[in-house]
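Worksheet: the structure to be examined is printed underneath.
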Amino acid sequence: MNWQPDAEQRLKEVPFFVRPMVRKRIESLANEASITTIDTAFYEQAKAKFGEK
């Protein structure tokens, strides 16, 4: 999975102990949406979905 630098930087703002889980979940959502590159917009959409559950 490709991450744009700005999205990668946003991911680094997540606490280190949950970061791997967040990365995996966002990449899973990207796969479901047939997205190969994660940008800031998709990152924000994915994070918003976390709050819905």
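Residue numbers start at 1 in each chain; chains themselves are named A, B, ... in the order of the structure tokens; ligands are numbered from 1 in the order shown.
Every residue of chain A with a DSSP assignment of strand (DSSP E), taken from the backbone, is listed as Asn2, Trp3, Thr37 and Ile38 of chain A.
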With N, CA and C atoms kept, could you save the residues just selected as a CSV table (one decimal), in the first residue's frame?
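What ended up in again32.csv:
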chain,number,residue,atom,x,y,z
A,2,ASN,N,0.6,2.2,-0.9
A,2,ASN,CA,1.4,3.4,-1.0
A,2,ASN,C,0.7,4.5,-0.1
A,3,TRP,N,1.5,5.2,0.6
A,3,TRP,CA,1.0,6.3,1.5
A,3,TRP,C,1.7,7.6,0.9
A,37,THR,N,-3.4,4.1,-3.3
A,37,THR,CA,-2.6,5.2,-2.6
A,37,THR,C,-3.4,5.9,-1.6
A,38,ILE,N,-2.9,6.0,-0.4
A,38,ILE,CA,-3.7,6.7,0.7
A,38,ILE,C,-3.2,8.1,0.7
Neighbour list for Lys47 in chain A as a PDB file with C-alpha atoms, in the first residue's frame, cut-off 8 Å, only C-alpha atoms, skip fewer than 4 positions in-chain:
ATOM      1  CA  ILE A  26      -7.042   2.303   7.016  1.00  0.00           C
ATOM      2  CA  TYR A  43      -7.040   9.180   5.689  1.00  0.00           C
ATOM      3  CA  GLY A  51     -15.881   7.333  15.137  1.00  0.00           C
TER       4      GLY A  51
END
### Gap from CA of Met1 in chain A to CA of Ala41 in chain A - Å, one decimal
15.7 Å
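For the set A:Ala30, A:Ile35, A:Glu44, A:Lys24, the residue with the smallest atom-to-atom gap to Arg10 in chain A is A:Glu44, counting only C-alpha atoms.
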### Task
Once DSSP has gone over the backbone, tell me which residues of chain A are in alpha helix (DSSP H), as a PyMOL selection string.
chain A and resi 5-11+19-32+40-52
### Query
CA of Lys12 in chain A and CA of Ser34 in chain A, how far apart in Å?
23.7 Å
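We find CA of Phe42 in chain A and CA of Val22 in chain A to be spaced 13.2 Å apart.
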